[in-house]
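Asks: Could you have a look at this structure, given as structure tokens, before my questions?
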Amino acid sequence: MMPPAFRAEGPKTHRVAHRPKRSLGQNFLHDQGTAWKIADALEACSGHRVLEIGPGRGALTCRLLESGCDLYALEKDGVLAGELKKRWPEFSVTVADALRFNWTKLDGPWRIIGNLPYNVASPIIWDLVADVPRLERGVFMVQKEVAQRLAAAPGSRSYGALSVWVQSHVQVRGLFTVGPQVFHPRPKVDSAVVRLTTLAPKERLQHSDPLRRLLPLCFQQRRKQLKTILRPLWGDHLDQWFQDQALRPESRPEELSPCRFQLLANLVFPSY
Ligand code: SAM
């Protein structure tokens, strides 16, 4: 059943009846304290270029505009984008799907923020950490389980392809968790806010294709040993590498750090 239509927050002159769309993950923040805490974690100020993904009814936008930064946004819902333009005519909102956005177009330093729709948060973060040329800082609210996967350490239950990929590009810090009561409509799960900071160039993954190819291979069969997963590609070079790394070929994918995954990927798929 669809949630009932209700009134959007904001100045009375711009109140609008809008029915939240479940298909777009529209759980709007109505708690100003939480919205400000998230926006302030971006530490944006005058001179910073900031992109907000999914501004919705402007809960974060409002605070970001106060900071004096140059604010842009991508919003898939054309009705909401229209309302935001009426409310803040100087604010540049593009009606676009963040899943299809060409992140490489963002030249120069950018800060990116979003209370992301649960169903598309992982692929959006996956793409932007790799493709934004200079991501100064990212602050994202996501489902708590996704936040745990983003920040997970090797060996933990949440550690997987998303952890390795994201941590190969950025440093992830979990900031705080957020309960369902601050949203309308209320989601069934807890949320959490993470902060991403780009790694120094020498620590950051340079050629992403080998790792992009190896990760699904390994984590689709995470209970298997690496020597079984990699059997069709095995050779003396892999024996030697495991020995040099003081790793057992019987190790499972979740035991390898992001750095080791990168080395292994370049060895397994050298021509990529
Ligand atoms: N930022 C607002 C807030 O905190 O209340 C809204 C957050 S709501 C969880 C997610 C927002 O992302 C909605 O406004 C929704 O329309 C928008 N959205 C959903 N899918 C999107 C996509 N693929 N690209 C861009 N925006 C999207």
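FYI, nothing fancy with the structure tokens labels: chains A, B, ... in order, residues from 1 per chain, ligands from 1 as they appear.
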Do a neighbour search on segment 94-107 of chain A at 10 Å with only C-alpha atoms, toss out local chain neighbours closer than 3 positions, and write the hits as a PDB file with all heavy atoms, in the first residue's frame.
Replies:
ATOM      1  N   ARG A  49      32.813  23.405  -4.058  1.00  0.00           N
ATOM      2  CA  ARG A  49      31.748  22.956  -4.956  1.00  0.00           C
ATOM      3  C   ARG A  49      31.161  21.668  -4.380  1.00  0.00           C
ATOM      4  O   ARG A  49      31.900  20.717  -4.089  1.00  0.00           O
ATOM      5  CB  ARG A  49      32.293  22.707  -6.350  1.00  0.00           C
ATOM      6  CG  ARG A  49      32.427  24.032  -7.107  1.00  0.00           C
ATOM      7  CD  ARG A  49      32.685  23.823  -8.546  1.00  0.00           C
ATOM      8  NE  ARG A  49      33.957  23.164  -8.745  1.00  0.00           N
ATOM      9  CZ  ARG A  49      34.415  22.776  -9.931  1.00  0.00           C
ATOM     10  NH1 ARG A  49      33.687  22.974 -11.011  1.00  0.00           N
ATOM     11  NH2 ARG A  49      35.576  22.199 -10.033  1.00  0.00           N
ATOM     12  N   LEU A  51      27.994  18.709  -4.552  1.00  0.00           N
ATOM     13  CA  LEU A  51      26.910  18.076  -5.296  1.00  0.00           C
ATOM     14  C   LEU A  51      26.067  17.274  -4.314  1.00  0.00           C
ATOM     15  O   LEU A  51      26.605  16.442  -3.577  1.00  0.00           O
ATOM     16  CB  LEU A  51      27.483  17.141  -6.362  1.00  0.00           C
ATOM     17  CG  LEU A  51      26.448  16.408  -7.204  1.00  0.00           C
ATOM     18  CD1 LEU A  51      25.713  17.382  -8.130  1.00  0.00           C
ATOM     19  CD2 LEU A  51      27.098  15.310  -8.037  1.00  0.00           C
ATOM     20  N   ILE A  53      23.113  14.503  -3.936  1.00  0.00           N
ATOM     21  CA  ILE A  53      22.359  13.486  -4.681  1.00  0.00           C
ATOM     22  C   ILE A  53      21.012  13.308  -3.992  1.00  0.00           C
ATOM     23  O   ILE A  53      20.958  13.027  -2.795  1.00  0.00           O
ATOM     24  CB  ILE A  53      23.130  12.145  -4.701  1.00  0.00           C
ATOM     25  CG1 ILE A  53      24.515  12.325  -5.324  1.00  0.00           C
ATOM     26  CG2 ILE A  53      22.340  11.077  -5.471  1.00  0.00           C
ATOM     27  CD1 ILE A  53      25.409  11.098  -5.220  1.00  0.00           C
ATOM     28  N   GLY A  54      19.946  13.494  -4.735  1.00  0.00           N
ATOM     29  CA  GLY A  54      18.595  13.295  -4.195  1.00  0.00           C
ATOM     30  C   GLY A  54      18.221  14.285  -3.106  1.00  0.00           C
ATOM     31  O   GLY A  54      17.979  13.890  -1.961  1.00  0.00           O
ATOM     32  N   TYR A  72      25.080  22.205  -6.182  1.00  0.00           N
ATOM     33  CA  TYR A  72      24.398  21.638  -7.348  1.00  0.00           C
ATOM     34  C   TYR A  72      23.707  20.364  -6.864  1.00  0.00           C
ATOM     35  O   TYR A  72      24.096  19.803  -5.847  1.00  0.00           O
ATOM     36  CB  TYR A  72      25.405  21.271  -8.442  1.00  0.00           C
ATOM     37  CG  TYR A  72      26.234  22.450  -8.909  1.00  0.00           C
ATOM     38  CD1 TYR A  72      27.333  22.870  -8.161  1.00  0.00           C
ATOM     39  CD2 TYR A  72      25.916  23.137 -10.063  1.00  0.00           C
ATOM     40  CE1 TYR A  72      28.088  23.958  -8.561  1.00  0.00           C
ATOM     41  CE2 TYR A  72      26.673  24.232 -10.481  1.00  0.00           C
ATOM     42  CZ  TYR A  72      27.762  24.628  -9.723  1.00  0.00           C
ATOM     43  OH  TYR A  72      28.500  25.715 -10.124  1.00  0.00           O
ATOM     44  N   ALA A  73      22.716  19.895  -7.637  1.00  0.00           N
ATOM     45  CA  ALA A  73      22.061  18.656  -7.204  1.00  0.00           C
ATOM     46  C   ALA A  73      21.561  17.851  -8.385  1.00  0.00           C
ATOM     47  O   ALA A  73      21.258  18.395  -9.457  1.00  0.00           O
ATOM     48  CB  ALA A  73      20.897  18.981  -6.270  1.00  0.00           C
ATOM     49  N   LEU A  74      21.485  16.544  -8.157  1.00  0.00           N
ATOM     50  CA  LEU A  74      20.854  15.612  -9.102  1.00  0.00           C
ATOM     51  C   LEU A  74      19.630  15.046  -8.407  1.00  0.00           C
ATOM     52  O   LEU A  74      19.760  14.483  -7.307  1.00  0.00           O
ATOM     53  CB  LEU A  74      21.778  14.426  -9.409  1.00  0.00           C
ATOM     54  CG  LEU A  74      23.164  14.703  -9.973  1.00  0.00           C
ATOM     55  CD1 LEU A  74      23.936  13.392 -10.100  1.00  0.00           C
ATOM     56  CD2 LEU A  74      23.043  15.387 -11.326  1.00  0.00           C
ATOM     57  N   GLU A  75      18.475  15.192  -9.002  1.00  0.00           N
ATOM     58  CA  GLU A  75      17.241  14.659  -8.397  1.00  0.00           C
ATOM     59  C   GLU A  75      16.445  13.959  -9.503  1.00  0.00           C
ATOM     60  O   GLU A  75      16.162  14.552 -10.538  1.00  0.00           O
ATOM     61  CB  GLU A  75      16.433  15.790  -7.752  1.00  0.00           C
ATOM     62  CG  GLU A  75      15.048  15.411  -7.269  1.00  0.00           C
ATOM     63  CD  GLU A  75      15.018  14.241  -6.286  1.00  0.00           C
ATOM     64  OE1 GLU A  75      15.532  14.374  -5.179  1.00  0.00           O
ATOM     65  OE2 GLU A  75      14.462  13.173  -6.659  1.00  0.00           O
ATOM     66  N   LYS A  76      16.105  12.710  -9.261  1.00  0.00           N
ATOM     67  CA  LYS A  76      15.407  11.944 -10.292  1.00  0.00           C
ATOM     68  C   LYS A  76      13.929  12.320 -10.396  1.00  0.00           C
ATOM     69  O   LYS A  76      13.321  12.204 -11.459  1.00  0.00           O
ATOM     70  CB  LYS A  76      15.550  10.442  -9.983  1.00  0.00           C
ATOM     71  CG  LYS A  76      15.182   9.562 -11.144  1.00  0.00           C
ATOM     72  CD  LYS A  76      15.582   8.127 -10.883  1.00  0.00           C
ATOM     73  CE  LYS A  76      15.057   7.225 -11.994  1.00  0.00           C
ATOM     74  NZ  LYS A  76      15.331   5.823 -11.717  1.00  0.00           N
ATOM     75  N   ASP A  77      13.374  12.798  -9.301  1.00  0.00           N
ATOM     76  CA  ASP A  77      11.949  13.137  -9.285  1.00  0.00           C
ATOM     77  C   ASP A  77      11.751  14.578  -9.779  1.00  0.00           C
ATOM     78  O   ASP A  77      12.099  15.549  -9.093  1.00  0.00           O
ATOM     79  CB  ASP A  77      11.436  12.997  -7.837  1.00  0.00           C
ATOM     80  CG  ASP A  77       9.934  13.172  -7.726  1.00  0.00           C
ATOM     81  OD1 ASP A  77       9.372  14.004  -8.468  1.00  0.00           O
ATOM     82  OD2 ASP A  77       9.320  12.485  -6.889  1.00  0.00           O
ATOM     83  N   GLY A  78      11.198  14.696 -10.984  1.00  0.00           N
ATOM     84  CA  GLY A  78      11.037  16.011 -11.602  1.00  0.00           C
ATOM     85  C   GLY A  78      10.126  16.946 -10.828  1.00  0.00           C
ATOM     86  O   GLY A  78      10.323  18.160 -10.830  1.00  0.00           O
ATOM     87  N   VAL A  79       9.131  16.381 -10.147  1.00  0.00           N
ATOM     88  CA  VAL A  79       8.205  17.229  -9.378  1.00  0.00           C
ATOM     89  C   VAL A  79       8.952  17.882  -8.218  1.00  0.00           C
ATOM     90  O   VAL A  79       8.862  19.097  -7.988  1.00  0.00           O
ATOM     91  CB  VAL A  79       7.006  16.396  -8.852  1.00  0.00           C
ATOM     92  CG1 VAL A  79       6.108  17.238  -7.971  1.00  0.00           C
ATOM     93  CG2 VAL A  79       6.232  15.802 -10.019  1.00  0.00           C
ATOM     94  N   LEU A  80       9.725  17.077  -7.503  1.00  0.00           N
ATOM     95  CA  LEU A  80      10.476  17.631  -6.375  1.00  0.00           C
ATOM     96  C   LEU A  80      11.530  18.626  -6.853  1.00  0.00           C
ATOM     97  O   LEU A  80      11.751  19.669  -6.220  1.00  0.00           O
ATOM     98  CB  LEU A  80      11.143  16.496  -5.578  1.00  0.00           C
ATOM     99  CG  LEU A  80      10.198  15.620  -4.758  1.00  0.00           C
ATOM    100  CD1 LEU A  80      10.971  14.527  -4.039  1.00  0.00           C
ATOM    101  CD2 LEU A  80       9.430  16.460  -3.739  1.00  0.00           C
ATOM    102  N   ALA A  81      12.169  18.309  -7.977  1.00  0.00           N
ATOM    103  CA  ALA A  81      13.192  19.235  -8.509  1.00  0.00           C
ATOM    104  C   ALA A  81      12.540  20.581  -8.822  1.00  0.00           C
ATOM    105  O   ALA A  81      13.104  21.646  -8.511  1.00  0.00           O
ATOM    106  CB  ALA A  81      13.838  18.642  -9.755  1.00  0.00           C
ATOM    107  N   GLY A  82      11.331  20.544  -9.389  1.00  0.00           N
ATOM    108  CA  GLY A  82      10.613  21.782  -9.711  1.00  0.00           C
ATOM    109  C   GLY A  82      10.312  22.586  -8.457  1.00  0.00           C
ATOM    110  O   GLY A  82      10.456  23.815  -8.435  1.00  0.00           O
ATOM    111  N   LYS A  85      13.415  24.300  -7.193  1.00  0.00           N
ATOM    112  CA  LYS A  85      13.785  25.466  -8.013  1.00  0.00           C
ATOM    113  C   LYS A  85      12.908  26.671  -7.663  1.00  0.00           C
ATOM    114  O   LYS A  85      13.363  27.805  -7.661  1.00  0.00           O
ATOM    115  CB  LYS A  85      13.657  25.142  -9.493  1.00  0.00           C
ATOM    116  CG  LYS A  85      14.833  24.331 -10.007  1.00  0.00           C
ATOM    117  CD  LYS A  85      14.697  24.086 -11.502  1.00  0.00           C
ATOM    118  CE  LYS A  85      15.703  23.043 -11.952  1.00  0.00           C
ATOM    119  NZ  LYS A  85      15.377  22.471 -13.247  1.00  0.00           N
ATOM    120  N   PHE A  91      19.499  27.958  -6.915  1.00  0.00           N
ATOM    121  CA  PHE A  91      20.075  26.627  -6.679  1.00  0.00           C
ATOM    122  C   PHE A  91      19.920  25.787  -7.949  1.00  0.00           C
ATOM    123  O   PHE A  91      18.838  25.709  -8.530  1.00  0.00           O
ATOM    124  CB  PHE A  91      19.321  26.031  -5.479  1.00  0.00           C
ATOM    125  CG  PHE A  91      19.547  24.584  -5.191  1.00  0.00           C
ATOM    126  CD1 PHE A  91      20.813  24.022  -5.221  1.00  0.00           C
ATOM    127  CD2 PHE A  91      18.472  23.772  -4.836  1.00  0.00           C
ATOM    128  CE1 PHE A  91      21.002  22.687  -4.928  1.00  0.00           C
ATOM    129  CE2 PHE A  91      18.648  22.443  -4.531  1.00  0.00           C
ATOM    130  CZ  PHE A  91      19.908  21.896  -4.588  1.00  0.00           C
ATOM    131  N   TRP A 110      35.557  18.248  -5.618  1.00  0.00           N
ATOM    132  CA  TRP A 110      34.129  18.233  -5.312  1.00  0.00           C
ATOM    133  C   TRP A 110      33.879  17.577  -3.969  1.00  0.00           C
ATOM    134  O   TRP A 110      34.572  16.625  -3.597  1.00  0.00           O
ATOM    135  CB  TRP A 110      33.362  17.438  -6.380  1.00  0.00           C
ATOM    136  CG  TRP A 110      33.100  18.229  -7.613  1.00  0.00           C
ATOM    137  CD1 TRP A 110      33.944  18.347  -8.686  1.00  0.00           C
ATOM    138  CD2 TRP A 110      31.940  19.020  -7.909  1.00  0.00           C
ATOM    139  NE1 TRP A 110      33.377  19.163  -9.632  1.00  0.00           N
ATOM    140  CE2 TRP A 110      32.145  19.596  -9.187  1.00  0.00           C
ATOM    141  CE3 TRP A 110      30.762  19.303  -7.230  1.00  0.00           C
ATOM    142  CZ2 TRP A 110      31.206  20.429  -9.787  1.00  0.00           C
ATOM    143  CZ3 TRP A 110      29.827  20.139  -7.838  1.00  0.00           C
ATOM    144  CH2 TRP A 110      30.055  20.695  -9.100  1.00  0.00           C
ATOM    145  N   VAL A 120      19.580   1.977  -4.231  1.00  0.00           N
ATOM    146  CA  VAL A 120      20.633   2.288  -5.207  1.00  0.00           C
ATOM    147  C   VAL A 120      21.904   2.862  -4.571  1.00  0.00           C
ATOM    148  O   VAL A 120      22.828   3.270  -5.282  1.00  0.00           O
ATOM    149  CB  VAL A 120      20.112   3.255  -6.310  1.00  0.00           C
ATOM    150  CG1 VAL A 120      19.120   2.560  -7.217  1.00  0.00           C
ATOM    151  CG2 VAL A 120      19.510   4.516  -5.718  1.00  0.00           C
ATOM    152  N   ALA A 121      21.958   2.867  -3.251  1.00  0.00           N
ATOM    153  CA  ALA A 121      23.101   3.505  -2.581  1.00  0.00           C
ATOM    154  C   ALA A 121      24.426   2.819  -2.941  1.00  0.00           C
ATOM    155  O   ALA A 121      25.407   3.503  -3.271  1.00  0.00           O
ATOM    156  CB  ALA A 121      22.888   3.480  -1.070  1.00  0.00           C
ATOM    157  N   PRO A 123      25.435   0.858  -5.618  1.00  0.00           N
ATOM    158  CA  PRO A 123      25.995   1.123  -6.947  1.00  0.00           C
ATOM    159  C   PRO A 123      26.396   2.579  -7.172  1.00  0.00           C
ATOM    160  O   PRO A 123      27.375   2.855  -7.868  1.00  0.00           O
ATOM    161  CB  PRO A 123      24.880   0.706  -7.917  1.00  0.00           C
ATOM    162  CG  PRO A 123      23.665   0.485  -7.099  1.00  0.00           C
ATOM    163  CD  PRO A 123      24.103   0.229  -5.693  1.00  0.00           C
ATOM    164  N   ILE A 124      25.676   3.519  -6.548  1.00  0.00           N
ATOM    165  CA  ILE A 124      26.067   4.931  -6.719  1.00  0.00           C
ATOM    166  C   ILE A 124      27.438   5.162  -6.076  1.00  0.00           C
ATOM    167  O   ILE A 124      28.346   5.747  -6.672  1.00  0.00           O
ATOM    168  CB  ILE A 124      24.996   5.877  -6.114  1.00  0.00           C
ATOM    169  CG1 ILE A 124      23.723   5.864  -6.978  1.00  0.00           C
ATOM    170  CG2 ILE A 124      25.534   7.306  -6.008  1.00  0.00           C
ATOM    171  CD1 ILE A 124      22.562   6.677  -6.417  1.00  0.00           C
ATOM    172  N   ILE A 125      27.618   4.654  -4.851  1.00  0.00           N
ATOM    173  CA  ILE A 125      28.903   4.867  -4.165  1.00  0.00           C
ATOM    174  C   ILE A 125      30.023   4.119  -4.899  1.00  0.00           C
ATOM    175  O   ILE A 125      31.128   4.633  -5.070  1.00  0.00           O
ATOM    176  CB  ILE A 125      28.796   4.453  -2.679  1.00  0.00           C
ATOM    177  CG1 ILE A 125      27.871   5.436  -1.950  1.00  0.00           C
ATOM    178  CG2 ILE A 125      30.160   4.417  -2.018  1.00  0.00           C
ATOM    179  CD1 ILE A 125      27.611   5.122  -0.487  1.00  0.00           C
ATOM    180  N   ASP A 127      30.340   3.539  -8.059  1.00  0.00           N
ATOM    181  CA  ASP A 127      30.756   4.286  -9.248  1.00  0.00           C
ATOM    182  C   ASP A 127      31.479   5.575  -8.897  1.00  0.00           C
ATOM    183  O   ASP A 127      32.511   5.894  -9.465  1.00  0.00           O
ATOM    184  CB  ASP A 127      29.531   4.652 -10.118  1.00  0.00           C
ATOM    185  CG  ASP A 127      28.978   3.439 -10.839  1.00  0.00           C
ATOM    186  OD1 ASP A 127      29.665   2.402 -10.892  1.00  0.00           O
ATOM    187  OD2 ASP A 127      27.847   3.533 -11.349  1.00  0.00           O
ATOM    188  N   LEU A 128      30.926   6.320  -7.960  1.00  0.00           N
ATOM    189  CA  LEU A 128      31.505   7.650  -7.768  1.00  0.00           C
ATOM    190  C   LEU A 128      32.883   7.619  -7.107  1.00  0.00           C
ATOM    191  O   LEU A 128      33.734   8.449  -7.423  1.00  0.00           O
ATOM    192  CB  LEU A 128      30.512   8.605  -7.098  1.00  0.00           C
ATOM    193  CG  LEU A 128      30.129   8.512  -5.643  1.00  0.00           C
ATOM    194  CD1 LEU A 128      31.163   9.156  -4.739  1.00  0.00           C
ATOM    195  CD2 LEU A 128      28.794   9.208  -5.433  1.00  0.00           C
ATOM    196  N   VAL A 129      33.143   6.647  -6.219  1.00  0.00           N
ATOM    197  CA  VAL A 129      34.486   6.638  -5.607  1.00  0.00           C
ATOM    198  C   VAL A 129      35.564   6.368  -6.662  1.00  0.00           C
ATOM    199  O   VAL A 129      36.688   6.857  -6.560  1.00  0.00           O
ATOM    200  CB  VAL A 129      34.642   5.611  -4.447  1.00  0.00           C
ATOM    201  CG1 VAL A 129      33.790   5.993  -3.260  1.00  0.00           C
ATOM    202  CG2 VAL A 129      34.390   4.177  -4.886  1.00  0.00           C
ATOM    203  N   ALA A 130      35.188   5.592  -7.683  1.00  0.00           N
ATOM    204  CA  ALA A 130      36.175   5.261  -8.722  1.00  0.00           C
ATOM    205  C   ALA A 130      36.267   6.344  -9.788  1.00  0.00           C
ATOM    206  O   ALA A 130      37.340   6.580 -10.340  1.00  0.00           O
ATOM    207  CB  ALA A 130      35.798   3.934  -9.366  1.00  0.00           C
ATOM    208  N   ASP A 131      35.152   7.001 -10.078  1.00  0.00           N
ATOM    209  CA  ASP A 131      35.109   7.852 -11.276  1.00  0.00           C
ATOM    210  C   ASP A 131      35.229   9.349 -11.031  1.00  0.00           C
ATOM    211  O   ASP A 131      35.597  10.087 -11.937  1.00  0.00           O
ATOM    212  CB  ASP A 131      33.811   7.580 -12.062  1.00  0.00           C
ATOM    213  CG  ASP A 131      33.800   6.178 -12.647  1.00  0.00           C
ATOM    214  OD1 ASP A 131      34.873   5.547 -12.670  1.00  0.00           O
ATOM    215  OD2 ASP A 131      32.732   5.720 -13.078  1.00  0.00           O
ATOM    216  N   VAL A 132      34.869   9.825  -9.834  1.00  0.00           N
ATOM    217  CA  VAL A 132      35.016  11.270  -9.590  1.00  0.00           C
ATOM    218  C   VAL A 132      36.517  11.563  -9.528  1.00  0.00           C
ATOM    219  O   VAL A 132      37.229  10.977  -8.710  1.00  0.00           O
ATOM    220  CB  VAL A 132      34.336  11.699  -8.264  1.00  0.00           C
ATOM    221  CG1 VAL A 132      34.633  13.163  -7.954  1.00  0.00           C
ATOM    222  CG2 VAL A 132      32.837  11.458  -8.338  1.00  0.00           C
ATOM    223  N   PRO A 133      37.011  12.452 -10.397  1.00  0.00           N
ATOM    224  CA  PRO A 133      38.463  12.660 -10.441  1.00  0.00           C
ATOM    225  C   PRO A 133      39.051  13.161  -9.117  1.00  0.00           C
ATOM    226  O   PRO A 133      40.109  12.713  -8.705  1.00  0.00           O
ATOM    227  CB  PRO A 133      38.654  13.684 -11.565  1.00  0.00           C
ATOM    228  CG  PRO A 133      37.432  13.536 -12.427  1.00  0.00           C
ATOM    229  CD  PRO A 133      36.320  13.171 -11.484  1.00  0.00           C
ATOM    230  N   ARG A 134      38.365  14.099  -8.448  1.00  0.00           N
ATOM    231  CA  ARG A 134      38.901  14.584  -7.156  1.00  0.00           C
ATOM    232  C   ARG A 134      37.772  14.713  -6.144  1.00  0.00           C
ATOM    233  O   ARG A 134      37.181  15.783  -5.982  1.00  0.00           O
ATOM    234  CB  ARG A 134      39.596  15.936  -7.347  1.00  0.00           C
ATOM    235  CG  ARG A 134      40.998  15.775  -7.943  1.00  0.00           C
ATOM    236  CD  ARG A 134      41.653  17.105  -8.155  1.00  0.00           C
ATOM    237  NE  ARG A 134      41.917  17.818  -6.923  1.00  0.00           N
ATOM    238  CZ  ARG A 134      42.247  19.107  -6.870  1.00  0.00           C
ATOM    239  NH1 ARG A 134      42.325  19.820  -7.963  1.00  0.00           N
ATOM    240  NH2 ARG A 134      42.500  19.680  -5.714  1.00  0.00           N
ATOM    241  N   LEU A 135      37.498  13.605  -5.495  1.00  0.00           N
ATOM    242  CA  LEU A 135      36.455  13.608  -4.468  1.00  0.00           C
ATOM    243  C   LEU A 135      37.110  14.038  -3.153  1.00  0.00           C
ATOM    244  O   LEU A 135      37.809  13.252  -2.517  1.00  0.00           O
ATOM    245  CB  LEU A 135      35.849  12.201  -4.325  1.00  0.00           C
ATOM    246  CG  LEU A 135      34.817  12.023  -3.222  1.00  0.00           C
ATOM    247  CD1 LEU A 135      33.569  12.856  -3.492  1.00  0.00           C
ATOM    248  CD2 LEU A 135      34.442  10.550  -3.066  1.00  0.00           C
TER     249      LEU A 135
END
Asks: Where does DSSP see strand (DSSP E) in segment 11-257 of chain A, if you list the residues as a count of residues only?
Replies: 53
Asks: In Å to one decimal, how far is atom CA of Ala151 of chain A from atom CA of Leu199 of chain A?
Replies: 14.3 Å
Asks: Would you mind listing what lies within 9 Å of Leu264 of chain A as an MDAnalysis selection string, with only C-alpha atoms counted and same-chain residues fewer than 5 positions away left out?
Replies: chainID A and resid 210:211 214 238 241 259 269
Asks: Compare A:Arg204, A:Arg231, A:His169, A:His184 by their minimum atom-to-atom distance to ligand 1, counting only C-alpha atoms and all ligand atoms, and give me the closest one.
Replies: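 That would be A:His184, the residue with the smallest distance to ligand 1.
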Asks: Show which residues sit within 12 Å of Thr228 of chain A, as a count of residues only. Count only C-alpha atoms, and ignore same-chain residues fewer than 4 positions away.
Replies: 14
Asks: Determine the nearest neighbour of Val142 of chain A from the options A:Asp190, A:Glu90, A:Glu203, A:Asp40, counting only C-alpha atoms.
Replies: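 Ranked by minimum distance to Val142 of chain A, first place goes to A:Asp190.
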Asks: As JSON, numbers by chain, please: every residue in segment 27-230 of chain A that a backbone DSSP assignment puts in helix (DSSP H, G or I).
Replies: {"A": [32, 33, 34, 35, 36, 37, 38, 39, 40, 59, 60, 61, 62, 63, 64, 65, 66, 78, 79, 80, 81, 82, 83, 84, 85, 86, 87, 98, 99, 100, 103, 104, 105, 118, 119, 120, 121, 122, 123, 124, 125, 126, 127, 128, 129, 130, 131, 144, 145, 146, 147, 148, 149, 150, 151, 161, 162, 163, 164, 165, 166, 167, 180, 181, 182, 208, 209, 210, 211, 212, 213, 214, 215, 216, 217, 218, 219, 226, 227, 228, 229]}
Asks: Quick one: distance from atom CA of Leu116 of chain A to atom CA of Thr197 of chain A in Å, one decimal?
Replies: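 Atom CA of Thr197 of chain A lies at a distance of 17.6 Å from atom CA of Leu116 of chain A.
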Asks: If we count only C-alpha atoms, what is near Leu196 of chain A at a cut-off of 10 Å, once residues fewer than 3 positions away on the same chain are taken out, given as a list in words?
Replies: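 That gives Leu42, Arg111, Ile112, Ile113, Ile125, Val129, Leu135, Glu136, Arg137, Gly138, Val139, Phe140, Leu150, Ala151, Val166, Gln167, His169, Val170, Gln171, Val172, Arg173, Gly174 and Leu199 of chain A.
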Asks: Keeping only C-alpha atoms, write the selected residues as an mmCIF file, in the first residue's frame.
Replies:
data_model
loop_
_atom_site.group_PDB
_atom_site.id
_atom_site.type_symbol
_atom_site.label_atom_id
_atom_site.label_comp_id
_atom_site.auth_asym_id
_atom_site.auth_seq_id
_atom_site.Cartn_x
_atom_site.Cartn_y
_atom_site.Cartn_z
ATOM 1 C CA LEU A 42 30.599 17.655 4.915
ATOM 2 C CA ARG A 111 32.331 17.379 -2.106
ATOM 3 C CA ILE A 112 29.364 15.047 -2.539
ATOM 4 C CA ILE A 113 26.547 14.397 -0.119
ATOM 5 C CA ILE A 125 28.903 4.867 -4.165
ATOM 6 C CA VAL A 129 34.486 6.638 -5.607
ATOM 7 C CA LEU A 135 36.455 13.608 -4.468
ATOM 8 C CA GLU A 136 37.531 15.801 -1.561
ATOM 9 C CA ARG A 137 34.937 14.396 0.778
ATOM 10 C CA GLY A 138 31.722 12.400 0.630
ATOM 11 C CA VAL A 139 29.036 12.168 3.302
ATOM 12 C CA PHE A 140 26.292 9.620 2.765
ATOM 13 C CA LEU A 150 31.596 0.034 3.440
ATOM 14 C CA ALA A 151 33.729 0.271 6.583
ATOM 15 C CA VAL A 166 35.502 1.407 -1.880
ATOM 16 C CA GLN A 167 38.473 1.142 0.506
ATOM 17 C CA HIS A 169 39.759 4.457 -3.403
ATOM 18 C CA VAL A 170 38.746 6.230 -0.203
ATOM 19 C CA GLN A 171 39.080 6.082 3.556
ATOM 20 C CA VAL A 172 35.746 5.237 5.156
ATOM 21 C CA ARG A 173 34.689 6.465 8.578
ATOM 22 C CA GLY A 174 31.379 5.529 10.177
ATOM 23 C CA LEU A 199 43.200 8.320 -0.404
#
Asks: Pick from A:Gly33, A:Gly160, A:Pro89, A:Gly114: nearest to ligand 1, with only C-alpha atoms and all ligand atoms counted?
Replies: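 Comparing A:Gly33, A:Gly160, A:Pro89, A:Gly114 against ligand 1, the winner is A:Gly114.
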Asks: Figure out the distance between atom CA of Ala39 of chain A and atom CA of Asp70 of chain A, please, to one decimal in Å.
Replies: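 Separating atom CA of Asp70 of chain A from atom CA of Ala39 of chain A is a distance of 13.9 Å.
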Asks: Counting only C-alpha atoms, which of A:Arg22, A:Arg212, A:Lys202, A:Arg87 gets nearest to Asn119 of chain A?
Replies: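 So, comparing all the options, the nearest one is A:Arg22.
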Asks: From the set A:Glu66, A:Glu145, A:Glu83, A:Asp236, which residue has the shortest atom-to-atom contact distance to ligand 1, counting only C-alpha atoms and all ligand atoms?
Replies: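 Distance minimum relative to ligand 1 lands on A:Glu83.
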Asks: Kindly indicate which residue among A:Leu263, A:Ala44, A:Cys69, A:Val182 lies nearest to ligand 1, using only C-alpha atoms and all ligand atoms for the distances.
Replies: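 Comparing A:Leu263, A:Ala44, A:Cys69, A:Val182 against ligand 1, the winner is A:Val182.
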